Amino acid sequence: MRDRTAWFLLAVGFLVVIMVLGLPNSMFAAAPPKTPEVRLDISKATPRDVEEQTQAAVVRDYGKAWQTLEQALEQNKADLLSGNFVGYAQDRWGQTVKAQEKSGLSRRIVDHGHHVEVLFYSVEGSAMQLRDTAQLEVQYLDGGKVIHSESMTARYLALMTPAENSWKIRILQEIAPETPKQSGTSNASGPGTGSK
Amino acid sequence: MKMNRITLSIFGAMLLAMSAGAQNLNLPTDATAGQAVSIPTSGSGSATLYVYGPGTAIKQKIQLGEPIQLEGEQLKKSGRYTVIIAGGQDSSGSFFVSPAKLESLAFLARPSRVPASRPGVISGSAYLFDGFNNLVLEKHPVKFGLTIDGSSGGGRSVDSNNGVAWVRMDSGKKAGAAQFTATSGDATVNRVVQQTASDPCNIRMKAQPAKNGNILVETDPIRDCTGNPVPDGTIVTFTSTDQNGRSTVDARIKRGIAQAELPPSQSATISVAAGVVLGNEIHWGGR
């Protein structure tokens, strides 16, 4: 009786192993990081209207750029930026990553989406300025340990320019909320709410 | 009675904790890129200061009770700086650094080559930066001007909005290398826009017998409607129509004129055109 049970359990175990091995590899692979949600508002675009195809490209490439920036800031890898950032934006965020790396710090951004308004789209279509209102949760890390986190509504000004087959970010700088200009009290973090 | 004692003890403990090390960060409200700031701290003992900003990530030991000095070199990029003090009573806050004064312009002008006397064909956009490559967001007047050989071909002043000013201008009447400039404060940027003659205006030709019996046709100097010579190399088409059919010869303008030889004919109608512009017509021979 005992032998039978042992054989039965062995058979079941063997079947489970076969089933698991037969599953596609993709099921075990980590899910690819999700591109942040980007909603584009073209109602204020001037002096040129934004064509539908361009809208789709900007939404795709702006989202990708943020995904890349978040990875670069978390993993301290400045070279990740080169695919989506050029010029001053690449310098700015590249320096940020290098400074973090030097100090043993990093930051993790949980991205809850971007509301992006097109402010300016140049006559000849060579540059587009965006104002982004982003909902972000930022975790500040020291050697991999979260030392502080905060949720914030952050506003950015971005300038995108078309490259060979995508739009790249040339300027990405955070701008102050309209009012109040700053805040800084114990355990409160400016326009967002801080938590430790 | 017992309850009151407990409440008082908790309240006392809270007061003690607050007075011992509570930080009330007094962060700057008007920080400017490249300028140092001082942040006072309270309490005593040591703590760790963290500053996360654009282009900056600082971790250093500080003495509570002494002000924190952030150098201008550490605050070159405009944007949000988050300050965290860990140790004693943790505290955090953030402040914004605004761009410094305008120092440079990036100027995109299109196109690089344009026909003269065309309305709204030249566009330019100027991007305003401080000395640290931050986009300057304050409004600034930007003067756009177009000059050729020292004479003004038009100008306009536009206020920047979110660091950008743009303009659309007519091309000047004169052909040549026009200087398209954007100026704001002490910053000026020049771009060259090559203005070429527009379409030819009033093409006139004359015909005479060639030595070999053909018909030699030749235009007067070809100019656009404002008098600029149409560039050499522009194609001019001569057409001769007679009872045998039609003959067409394309000739390039050379030294301002175009000439060609058409096949001999007793009676032909000869016309000339360049692009969409037609010139005069000549009736050649008999009739």
# chains A, B, ... in the order shown; residues from 1 in each chain; ligands from 1
$ interface_residues --of "chain B" --to "chain A" --cutoff "8 Å" --atoms "only C-alpha atoms" --output "MDAnalysis selection string"
chainID B and resid 22:29 53:59 77:80 82 84 86 90:96 98 110 123 125 133:135 166
$ select_by_dssp --residues "segment 35-182 of chain A" --states "strand (DSSP E)" --output "ChimeraX atom specification"
/A:38-41,105-121,128-142,145-162,167-175
$ closest_residue --among "B:Asp186, B:Asp232, B:Glu261, B:Glu281" --to "Leu216 of chain B" --atoms "only C-alpha atoms"
B:Glu261
$ residues_around --residues "segment 245-248 of chain B" --least-positions-apart "3" --cutoff "10 Å" --atoms "only C-alpha atoms" --output "PyMOL selection string"
chain B and resi 237-242+251+260-263+268-272
$ select_by_dssp --residues "segment 68-162 of chain A" --states "alpha helix (DSSP H)" --output "MDAnalysis selection string"
chainID A and resid 68:75 87:103
$ residues_around --residues "Arg223 of chain B" --least-positions-apart "3" --cutoff "8 Å" --atoms "only C-alpha atoms" --output "VMD selection string"
chain B and resid 197 200 to 203 226 to 230
$ atom_distance --atom1 "atom CA of Glu137 of chain A" --atom2 "atom CA of Trp167 of chain A"
25.8 Å
$ atom_distance --atom1 "atom CA of Gly113 of chain A" --atom2 "atom CA of Ser166 of chain A"
20.7 Å
$ residues_around --residues "Glu70 of chain A" --least-positions-apart "6" --cutoff "9 Å" --atoms "only C-alpha atoms" --output "ChimeraX atom specification"
/A:107-111
$ closest_atom_pairs --of "segment 136-201 of chain B" --to "segment 100-104 of chain B" --cutoff "12 Å" --atoms "only C-alpha atoms" --output "JSON lines"
{"residue": "B:Val136", "atom": "CA", "partner": "B:Leu102", "partner_atom": "CA", "distance": 6.4}
{"residue": "B:Leu137", "atom": "CA", "partner": "B:Leu102", "partner_atom": "CA", "distance": 9.5}
{"residue": "B:Glu138", "atom": "CA", "partner": "B:Leu102", "partner_atom": "CA", "distance": 9.1}
{"residue": "B:Lys139", "atom": "CA", "partner": "B:Leu102", "partner_atom": "CA", "distance": 10.4}
{"residue": "B:His140", "atom": "CA", "partner": "B:Leu102", "partner_atom": "CA", "distance": 8.7}
{"residue": "B:Pro141", "atom": "CA", "partner": "B:Leu102", "partner_atom": "CA", "distance": 11.3}
{"residue": "B:Val142", "atom": "CA", "partner": "B:Leu102", "partner_atom": "CA", "distance": 11.4}
{"residue": "B:Ser160", "atom": "CA", "partner": "B:Leu102", "partner_atom": "CA", "distance": 11.6}
{"residue": "B:Gly163", "atom": "CA", "partner": "B:Leu102", "partner_atom": "CA", "distance": 9.9}
{"residue": "B:Ala182", "atom": "CA", "partner": "B:Ser104", "partner_atom": "CA", "distance": 10.6}
{"residue": "B:Thr183", "atom": "CA", "partner": "B:Ser104", "partner_atom": "CA", "distance": 9.4}
{"residue": "B:Ser184", "atom": "CA", "partner": "B:Leu102", "partner_atom": "CA", "distance": 8.2}
{"residue": "B:Gly185", "atom": "CA", "partner": "B:Leu102", "partner_atom": "CA", "distance": 7.3}
{"residue": "B:Asp186", "atom": "CA", "partner": "B:Glu103", "partner_atom": "CA", "distance": 7.1}
{"residue": "B:Ala187", "atom": "CA", "partner": "B:Ser104", "partner_atom": "CA", "distance": 5.3}
{"residue": "B:Thr188", "atom": "CA", "partner": "B:Ser104", "partner_atom": "CA", "distance": 7.6}
{"residue": "B:Val189", "atom": "CA", "partner": "B:Ser104", "partner_atom": "CA", "distance": 8.5}
$ atom_distance --atom1 "atom CA of Ser267 of chain B" --atom2 "atom CA of Asn244 of chain B"
10.1 Å
$ closest_residue --among "A:Lys34, A:Asp41, A:Asp49, A:Gly63" --to "Lys168 of chain A" --atoms "only C-alpha atoms"
A:Gly63
